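Contents: one structure, followed by commentary.
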Amino acid sequence: MNYLEKFRDISTLIFDVDGVLTNSNLLVLENGSLLRTMHTRDGFALKRAVQKGYRVCIITGGKSQGVIKRLNGLGITDVFAGVSDKISVFNTYLKDQGISAKEVLYMGDDLPDWEVMQHVALPCCPQDAAHEILEIASYVSPKDGGTGCVRDVVEKVLRLHGNWVDTQL
């Protein structure tokens, strides 16, 4: 089977934040605030997925209001922040939305993502993910976290469904 075929049945995209949508680095200010950077092309891809009717969900242990505001600005309303038990949130989300795990892509980068990744059709990670995550990922993006790995997987899903480029002028 062509590895791209694994992306064909995906209708729901779920992502971690730190190490996936960011590069894992934190700038710690004197007042204790934490600053992150996010890749604009990841943002474009997420917004495009939402516009094309895909379910996009974020499950993160972080609680940054700036990150939540950025994601909401991209049209992502299913943002679960401050989560310590990701599998419970994941299971509740699937049940509440009537989603089968067979249509879910999950991208994570570290041990808190490991259990969820065991239960999805397409577990993905950036190339700089933790060793344990690299071992269980069905697809490893050639991009690091925060440098386009999210766009990489979103674009594959949308292209396979003919939803990436609008051909009408």
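Starting from 1 in every chain, residues are counted up; chains themselves are A, B, ... following the order of the structure tokens, and ligands are numbered from 1 as listed.
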Go through segment 3-144 of chain A and collect every residue that DSSP, computed from the backbone, puts in alpha helix (DSSP H); the answer should be as a ChimeraX atom specification. /A:40-51,65-73,86-97,111-117,131-136
How about saving the chosen residues, N, CA and C atoms kept, as a CSV table (one decimal), in the first residue's frame?
```csv
chain,number,residue,atom,x,y,z
A,40,THR,N,3.5,30.2,10.2
A,40,THR,CA,2.4,30.7,9.5
A,40,THR,C,1.8,29.7,8.5
A,41,ARG,N,2.6,28.9,7.9
A,41,ARG,CA,2.1,27.9,6.9
A,41,ARG,C,1.3,26.8,7.6
A,42,ASP,N,1.7,26.5,8.8
A,42,ASP,CA,0.8,25.5,9.6
A,42,ASP,C,-0.5,26.2,9.8
A,43,GLY,N,-0.5,27.5,10.2
A,43,GLY,CA,-1.8,28.2,10.4
A,43,GLY,C,-2.6,28.2,9.2
A,44,PHE,N,-2.0,28.5,8.0
A,44,PHE,CA,-2.8,28.5,6.8
A,44,PHE,C,-3.4,27.2,6.5
A,45,ALA,N,-2.7,26.1,6.7
A,45,ALA,CA,-3.2,24.8,6.4
A,45,ALA,C,-4.4,24.4,7.4
A,46,LEU,N,-4.2,24.8,8.6
A,46,LEU,CA,-5.3,24.5,9.6
A,46,LEU,C,-6.6,25.3,9.2
A,47,LYS,N,-6.4,26.5,8.9
A,47,LYS,CA,-7.5,27.4,8.5
A,47,LYS,C,-8.2,26.8,7.2
A,48,ARG,N,-7.4,26.4,6.3
A,48,ARG,CA,-7.9,25.8,5.0
A,48,ARG,C,-8.7,24.5,5.4
A,49,ALA,N,-8.2,23.7,6.2
A,49,ALA,CA,-8.9,22.4,6.6
A,49,ALA,C,-10.3,22.8,7.2
A,50,VAL,N,-10.3,23.7,8.1
A,50,VAL,CA,-11.6,24.2,8.7
A,50,VAL,C,-12.5,24.7,7.7
A,51,GLN,N,-12.0,25.5,6.8
A,51,GLN,CA,-12.9,26.1,5.7
A,51,GLN,C,-13.4,25.0,4.8
A,65,GLN,N,-3.2,31.4,26.8
A,65,GLN,CA,-4.3,32.1,26.2
A,65,GLN,C,-4.0,32.6,24.8
A,66,GLY,N,-2.7,33.0,24.6
A,66,GLY,CA,-2.3,33.5,23.3
A,66,GLY,C,-2.4,32.4,22.3
A,67,VAL,N,-2.0,31.2,22.6
A,67,VAL,CA,-2.1,30.0,21.7
A,67,VAL,C,-3.6,29.7,21.4
A,68,ILE,N,-4.4,29.7,22.4
A,68,ILE,CA,-5.9,29.5,22.3
A,68,ILE,C,-6.5,30.6,21.4
A,69,LYS,N,-6.1,31.8,21.6
A,69,LYS,CA,-6.6,32.9,20.8
A,69,LYS,C,-6.2,32.7,19.3
A,70,ARG,N,-4.9,32.4,19.1
A,70,ARG,CA,-4.4,32.1,17.7
A,70,ARG,C,-5.2,31.0,17.0
A,71,LEU,N,-5.4,29.9,17.7
A,71,LEU,CA,-6.1,28.8,17.2
A,71,LEU,C,-7.6,29.1,16.9
A,72,ASN,N,-8.2,29.8,17.8
A,72,ASN,CA,-9.6,30.3,17.6
A,72,ASN,C,-9.7,31.2,16.3
A,73,GLY,N,-8.7,32.1,16.2
A,73,GLY,CA,-8.6,33.0,15.0
A,73,GLY,C,-8.5,32.2,13.7
A,86,LYS,N,-4.9,13.1,28.2
A,86,LYS,CA,-5.3,13.3,26.8
A,86,LYS,C,-6.3,12.2,26.3
A,87,ILE,N,-6.1,10.9,26.7
A,87,ILE,CA,-6.9,9.8,26.2
A,87,ILE,C,-8.3,10.0,26.6
A,88,SER,N,-8.6,10.5,27.8
A,88,SER,CA,-10.0,10.7,28.2
A,88,SER,C,-10.6,11.8,27.4
A,89,VAL,N,-9.9,12.9,27.2
A,89,VAL,CA,-10.5,14.0,26.3
A,89,VAL,C,-10.7,13.5,24.9
A,90,PHE,N,-9.7,12.8,24.4
A,90,PHE,CA,-9.9,12.2,23.0
A,90,PHE,C,-11.1,11.3,22.9
A,91,ASN,N,-11.3,10.4,23.9
A,91,ASN,CA,-12.4,9.5,23.8
A,91,ASN,C,-13.7,10.2,23.9
A,92,THR,N,-13.8,11.2,24.8
A,92,THR,CA,-15.0,12.0,25.0
A,92,THR,C,-15.3,12.8,23.7
A,93,TYR,N,-14.3,13.4,23.1
A,93,TYR,CA,-14.5,14.1,21.8
A,93,TYR,C,-15.0,13.2,20.7
A,94,LEU,N,-14.4,12.1,20.6
A,94,LEU,CA,-14.9,11.1,19.5
A,94,LEU,C,-16.4,10.8,19.8
A,95,LYS,N,-16.7,10.4,21.0
A,95,LYS,CA,-18.1,10.0,21.3
A,95,LYS,C,-19.0,11.2,21.1
A,96,ASP,N,-18.7,12.4,21.6
A,96,ASP,CA,-19.6,13.6,21.5
A,96,ASP,C,-19.8,14.0,20.0
A,97,GLN,N,-18.8,13.8,19.2
A,97,GLN,CA,-18.8,14.2,17.8
A,97,GLN,C,-19.3,13.1,16.8
A,111,LEU,N,5.8,11.8,25.1
A,111,LEU,CA,5.1,10.8,25.9
A,111,LEU,C,3.6,11.1,26.2
A,112,PRO,N,3.2,12.3,26.5
A,112,PRO,CA,1.8,12.5,26.8
A,112,PRO,C,0.9,12.2,25.6
A,113,ASP,N,1.4,12.1,24.4
A,113,ASP,CA,0.7,11.8,23.2
A,113,ASP,C,0.6,10.3,22.9
A,114,TRP,N,1.5,9.5,23.5
A,114,TRP,CA,1.7,8.1,23.2
A,114,TRP,C,0.4,7.3,23.2
A,115,GLU,N,-0.4,7.5,24.3
A,115,GLU,CA,-1.6,6.6,24.4
A,115,GLU,C,-2.6,7.0,23.3
A,116,VAL,N,-2.9,8.2,23.1
A,116,VAL,CA,-3.8,8.6,22.0
A,116,VAL,C,-3.4,8.1,20.7
A,117,MET,N,-2.1,8.2,20.4
A,117,MET,CA,-1.5,7.7,19.2
A,117,MET,C,-1.8,6.2,18.9
A,131,HIS,N,11.9,9.6,20.9
A,131,HIS,CA,12.2,8.3,20.4
A,131,HIS,C,10.9,7.4,20.4
A,132,GLU,N,10.3,7.4,21.6
A,132,GLU,CA,9.1,6.5,21.7
A,132,GLU,C,8.0,6.8,20.8
A,133,ILE,N,7.8,8.1,20.4
A,133,ILE,CA,6.8,8.5,19.5
A,133,ILE,C,7.2,8.2,18.1
A,134,LEU,N,8.5,8.4,17.7
A,134,LEU,CA,9.0,8.0,16.4
A,134,LEU,C,8.7,6.5,16.1
A,135,GLU,N,8.8,5.7,17.2
A,135,GLU,CA,8.7,4.2,17.0
A,135,GLU,C,7.2,3.8,16.7
A,136,ILE,N,6.3,4.6,17.1
A,136,ILE,CA,4.9,4.2,16.9
A,136,ILE,C,4.2,5.0,15.8
```
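Closest approach to Asp144 of chain A among A:Ser11, A:Asn23, A:Asn31, A:Asn2: A:Asn23, based on only C-alpha atoms.
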Contact residues around Val79 of chain A with only C-alpha atoms at 7 Å, ignoring same-chain residues under 3 positions, as number ranges by chain: A: 57-59, 76
With N, CA and C atoms retained, export the selected residues as a short mmCIF file (atom, residue, chain, number, x, y, z; two decimals), in the first residue's frame.
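Below is the file that was written, result_31.cif:
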```
data_model
loop_
_atom_site.label_atom_id
_atom_site.label_comp_id
_atom_site.auth_asym_id
_atom_site.auth_seq_id
_atom_site.Cartn_x
_atom_site.Cartn_y
_atom_site.Cartn_z
N CYS A 57 -9.08 19.58 15.79
CA CYS A 57 -9.13 19.61 17.25
C CYS A 57 -7.71 19.73 17.80
N ILE A 58 -7.59 20.42 18.90
CA ILE A 58 -6.31 20.57 19.59
C ILE A 58 -6.48 20.01 21.00
N ILE A 59 -5.54 19.15 21.40
CA ILE A 59 -5.51 18.64 22.77
C ILE A 59 -4.10 18.90 23.29
N ILE A 76 -10.53 27.29 14.62
CA ILE A 76 -10.55 26.05 15.41
C ILE A 76 -11.26 26.32 16.73
#
```
For Asp109 of chain A: contacts at 8 Å, only C-alpha atoms, fewer than 2 positions along chain excluded, given as a PDB file with C-alpha atoms, in the first residue's frame:
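File produced: selection06.pdb:
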```
ATOM      1  CA  ASP A  16      -0.786  18.626  20.209  1.00  0.00           C
ATOM      2  CA  GLY A  19       6.599  20.361  19.876  1.00  0.00           C
ATOM      3  CA  VAL A  20       4.073  20.067  17.024  1.00  0.00           C
ATOM      4  CA  MET A 107       0.065  14.364  15.517  1.00  0.00           C
ATOM      5  CA  LEU A 111       5.071  10.786  25.876  1.00  0.00           C
ATOM      6  CA  ASP A 113       0.660  11.804  23.201  1.00  0.00           C
ATOM      7  CA  CYS A 125       4.824  13.062  14.423  1.00  0.00           C
ATOM      8  CA  PRO A 126       7.456  15.631  13.464  1.00  0.00           C
ATOM      9  CA  ASP A 128      12.302  15.646  15.988  1.00  0.00           C
ATOM     10  CA  ALA A 129       9.756  13.826  18.176  1.00  0.00           C
ATOM     11  CA  ALA A 130      10.760  11.738  21.175  1.00  0.00           C
ATOM     12  CA  ILE A 133       6.806   8.506  19.502  1.00  0.00           C
ATOM     13  CA  GLY A 145       7.835  20.637  15.195  1.00  0.00           C
TER      14      GLY A 145
END
```
Residues flagged strand (DSSP E or B) by DSSP in chain A, as a ChimeraX atom specification: /A:12-15,27-28,34-35,55-59,78-80,104-107,122-125,139-140
May I have the residues within 10 Å of Ile10 of chain A as an MDAnalysis selection string, using only C-alpha atoms and disregarding those fewer than 2 positions away in the same chain? chainID A and resid 5:8 12:13 54:55 101:105 121:122 154 157:158 160:161
Expected file: the selected residues, N, CA and C atoms, as a PDB file, in the first residue's frame:
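Wrote it out as result_18.pdb, contents follow:
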```
ATOM      1  N   GLU A   5      -1.995   6.442   0.915  1.00  0.00           N
ATOM      2  CA  GLU A   5      -3.343   5.883   1.066  1.00  0.00           C
ATOM      3  C   GLU A   5      -3.819   5.959   2.510  1.00  0.00           C
ATOM      4  N   LYS A   6      -2.898   5.950   3.463  1.00  0.00           N
ATOM      5  CA  LYS A   6      -3.267   6.057   4.875  1.00  0.00           C
ATOM      6  C   LYS A   6      -3.950   7.391   5.174  1.00  0.00           C
ATOM      7  N   PHE A   7      -3.691   8.404   4.353  1.00  0.00           N
ATOM      8  CA  PHE A   7      -4.264   9.736   4.560  1.00  0.00           C
ATOM      9  C   PHE A   7      -5.665   9.863   3.953  1.00  0.00           C
ATOM     10  N   ARG A   8      -6.047   8.938   3.099  1.00  0.00           N
ATOM     11  CA  ARG A   8      -7.282   9.065   2.325  1.00  0.00           C
ATOM     12  C   ARG A   8      -8.557   9.062   3.173  1.00  0.00           C
ATOM     13  N   THR A  12     -10.783  13.875  10.348  1.00  0.00           N
ATOM     14  CA  THR A  12     -10.576  14.586  11.604  1.00  0.00           C
ATOM     15  C   THR A  12      -9.083  14.667  11.885  1.00  0.00           C
ATOM     16  N   LEU A  13      -8.633  15.869  12.172  1.00  0.00           N
ATOM     17  CA  LEU A  13      -7.219  16.137  12.422  1.00  0.00           C
ATOM     18  C   LEU A  13      -7.067  16.639  13.855  1.00  0.00           C
ATOM     19  N   TYR A  54     -13.291  19.989   7.387  1.00  0.00           N
ATOM     20  CA  TYR A  54     -12.657  18.958   8.207  1.00  0.00           C
ATOM     21  C   TYR A  54     -12.786  19.335   9.677  1.00  0.00           C
ATOM     22  N   ARG A  55     -12.866  18.337  10.520  1.00  0.00           N
ATOM     23  CA  ARG A  55     -12.850  18.595  11.949  1.00  0.00           C
ATOM     24  C   ARG A  55     -11.391  18.764  12.361  1.00  0.00           C
ATOM     25  N   ALA A 101     -12.469   6.354  15.315  1.00  0.00           N
ATOM     26  CA  ALA A 101     -11.011   6.498  15.357  1.00  0.00           C
ATOM     27  C   ALA A 101     -10.387   6.157  14.008  1.00  0.00           C
ATOM     28  N   LYS A 102     -11.120   5.451  13.153  1.00  0.00           N
ATOM     29  CA  LYS A 102     -10.617   5.061  11.836  1.00  0.00           C
ATOM     30  C   LYS A 102     -10.469   6.248  10.884  1.00  0.00           C
ATOM     31  N   GLU A 103     -11.047   7.395  11.258  1.00  0.00           N
ATOM     32  CA  GLU A 103     -10.960   8.574  10.396  1.00  0.00           C
ATOM     33  C   GLU A 103     -10.116   9.693  11.014  1.00  0.00           C
ATOM     34  N   VAL A 104      -9.320   9.329  12.042  1.00  0.00           N
ATOM     35  CA  VAL A 104      -8.574  10.341  12.795  1.00  0.00           C
ATOM     36  C   VAL A 104      -7.073  10.255  12.547  1.00  0.00           C
ATOM     37  N   LEU A 105      -6.493  11.420  12.248  1.00  0.00           N
ATOM     38  CA  LEU A 105      -5.052  11.619  12.242  1.00  0.00           C
ATOM     39  C   LEU A 105      -4.729  12.370  13.520  1.00  0.00           C
ATOM     40  N   ALA A 121      -6.259   6.009  13.502  1.00  0.00           N
ATOM     41  CA  ALA A 121      -5.924   5.384  12.228  1.00  0.00           C
ATOM     42  C   ALA A 121      -4.546   5.803  11.742  1.00  0.00           C
ATOM     43  N   LEU A 122      -4.200   7.070  11.966  1.00  0.00           N
ATOM     44  CA  LEU A 122      -2.951   7.586  11.423  1.00  0.00           C
ATOM     45  C   LEU A 122      -2.187   8.403  12.468  1.00  0.00           C
ATOM     46  N   VAL A 154      -1.605  18.045   6.906  1.00  0.00           N
ATOM     47  CA  VAL A 154      -2.891  18.624   6.483  1.00  0.00           C
ATOM     48  C   VAL A 154      -2.953  18.700   4.959  1.00  0.00           C
ATOM     49  N   VAL A 157      -3.732  15.306   3.344  1.00  0.00           N
ATOM     50  CA  VAL A 157      -5.144  14.924   3.456  1.00  0.00           C
ATOM     51  C   VAL A 157      -5.988  15.713   2.462  1.00  0.00           C
ATOM     52  N   LEU A 158      -5.810  17.021   2.452  1.00  0.00           N
ATOM     53  CA  LEU A 158      -6.634  17.858   1.580  1.00  0.00           C
ATOM     54  C   LEU A 158      -6.356  17.597   0.102  1.00  0.00           C
ATOM     55  N   LEU A 160      -5.396  14.774  -1.274  1.00  0.00           N
ATOM     56  CA  LEU A 160      -5.987  13.485  -1.646  1.00  0.00           C
ATOM     57  C   LEU A 160      -7.487  13.588  -1.884  1.00  0.00           C
ATOM     58  N   HIS A 161      -8.123  14.561  -1.243  1.00  0.00           N
ATOM     59  CA  HIS A 161      -9.565  14.770  -1.401  1.00  0.00           C
ATOM     60  C   HIS A 161      -9.887  15.862  -2.411  1.00  0.00           C
TER      61      HIS A 161
END
```
Env of Ser141 of chain A: 8 Å cut, atoms = only C-alpha atoms, seq-sep filter 5 positions within chain, self excluded. Answer as a list in words. Cys124, Cys125, Pro126, Gln127, Cys149, Asp152 and Val153 of chain A
Residues as selected, N, CA and C atoms, written as a JSON list (two decimals), in the first residue's frame, can you do that?
```
[["chain", "number", "residue", "atom", "x", "y", "z"],
["A", 124, "CYS", "N", 0.88, 10.36, 13.66],
["A", 124, "CYS", "CA", 1.94, 11.09, 12.97],
["A", 124, "CYS", "C", 2.78, 11.87, 13.98],
["A", 125, "CYS", "N", 3.98, 12.24, 13.56],
["A", 125, "CYS", "CA", 4.82, 13.06, 14.42],
["A", 125, "CYS", "C", 5.82, 13.84, 13.57],
["A", 126, "PRO", "N", 6.37, 14.93, 14.14],
["A", 126, "PRO", "CA", 7.46, 15.63, 13.46],
["A", 126, "PRO", "C", 8.73, 14.79, 13.57],
["A", 127, "GLN", "N", 9.71, 15.08, 12.72],
["A", 127, "GLN", "CA", 10.93, 14.28, 12.70],
["A", 127, "GLN", "C", 11.75, 14.41, 13.97],
["A", 149, "CYS", "N", 5.49, 20.92, 10.00],
["A", 149, "CYS", "CA", 5.06, 19.51, 10.04],
["A", 149, "CYS", "C", 3.53, 19.39, 10.00],
["A", 152, "ASP", "N", 2.42, 19.85, 6.46],
["A", 152, "ASP", "CA", 2.79, 18.64, 5.74],
["A", 152, "ASP", "C", 1.65, 17.62, 5.76],
["A", 153, "VAL", "N", 1.12, 17.32, 6.94],
["A", 153, "VAL", "CA", 0.08, 16.29, 7.01],
["A", 153, "VAL", "C", -1.29, 16.81, 6.57]]
```
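Across A:Asp9, A:Gly62, A:Phe15, A:Gly98, the tightest approach to Leu34 of chain A is made by A:Gly62 when counting only C-alpha atoms.
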At a cut-off of 6 Å, using only C-alpha atoms, what residues contact Ala81 of chain A? Leave out same-chain residues fewer than 6 positions from it and give the result as a list of chain:residue names. A:Thr60, A:Gly61, A:Gly62, A:Lys63
Keeping N, CA and C atoms, export the residues of the selection given above as a PDB file, in the first residue's frame.
```
ATOM      1  N   THR A  60      -4.001  19.790  24.279  1.00  0.00           N
ATOM      2  CA  THR A  60      -2.688  20.219  24.760  1.00  0.00           C
ATOM      3  C   THR A  60      -2.645  20.314  26.278  1.00  0.00           C
ATOM      4  N   GLY A  61      -1.485  20.058  26.809  1.00  0.00           N
ATOM      5  CA  GLY A  61      -1.289  20.235  28.247  1.00  0.00           C
ATOM      6  C   GLY A  61      -1.083  21.691  28.601  1.00  0.00           C
ATOM      7  N   GLY A  62      -0.697  22.498  27.632  1.00  0.00           N
ATOM      8  CA  GLY A  62      -0.459  23.918  27.878  1.00  0.00           C
ATOM      9  C   GLY A  62      -1.751  24.695  28.070  1.00  0.00           C
ATOM     10  N   LYS A  63      -1.611  25.875  28.668  1.00  0.00           N
ATOM     11  CA  LYS A  63      -2.782  26.703  28.972  1.00  0.00           C
ATOM     12  C   LYS A  63      -2.656  28.119  28.413  1.00  0.00           C
TER      13      LYS A  63
END
```
Which residue gives the smallest distance to Thr37 of chain A among A:Leu74, A:Tyr3, A:Tyr139, A:Ser64, with only C-alpha atoms counted?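 Among the listed residues, A:Ser64 lies closest to Thr37 of chain A.
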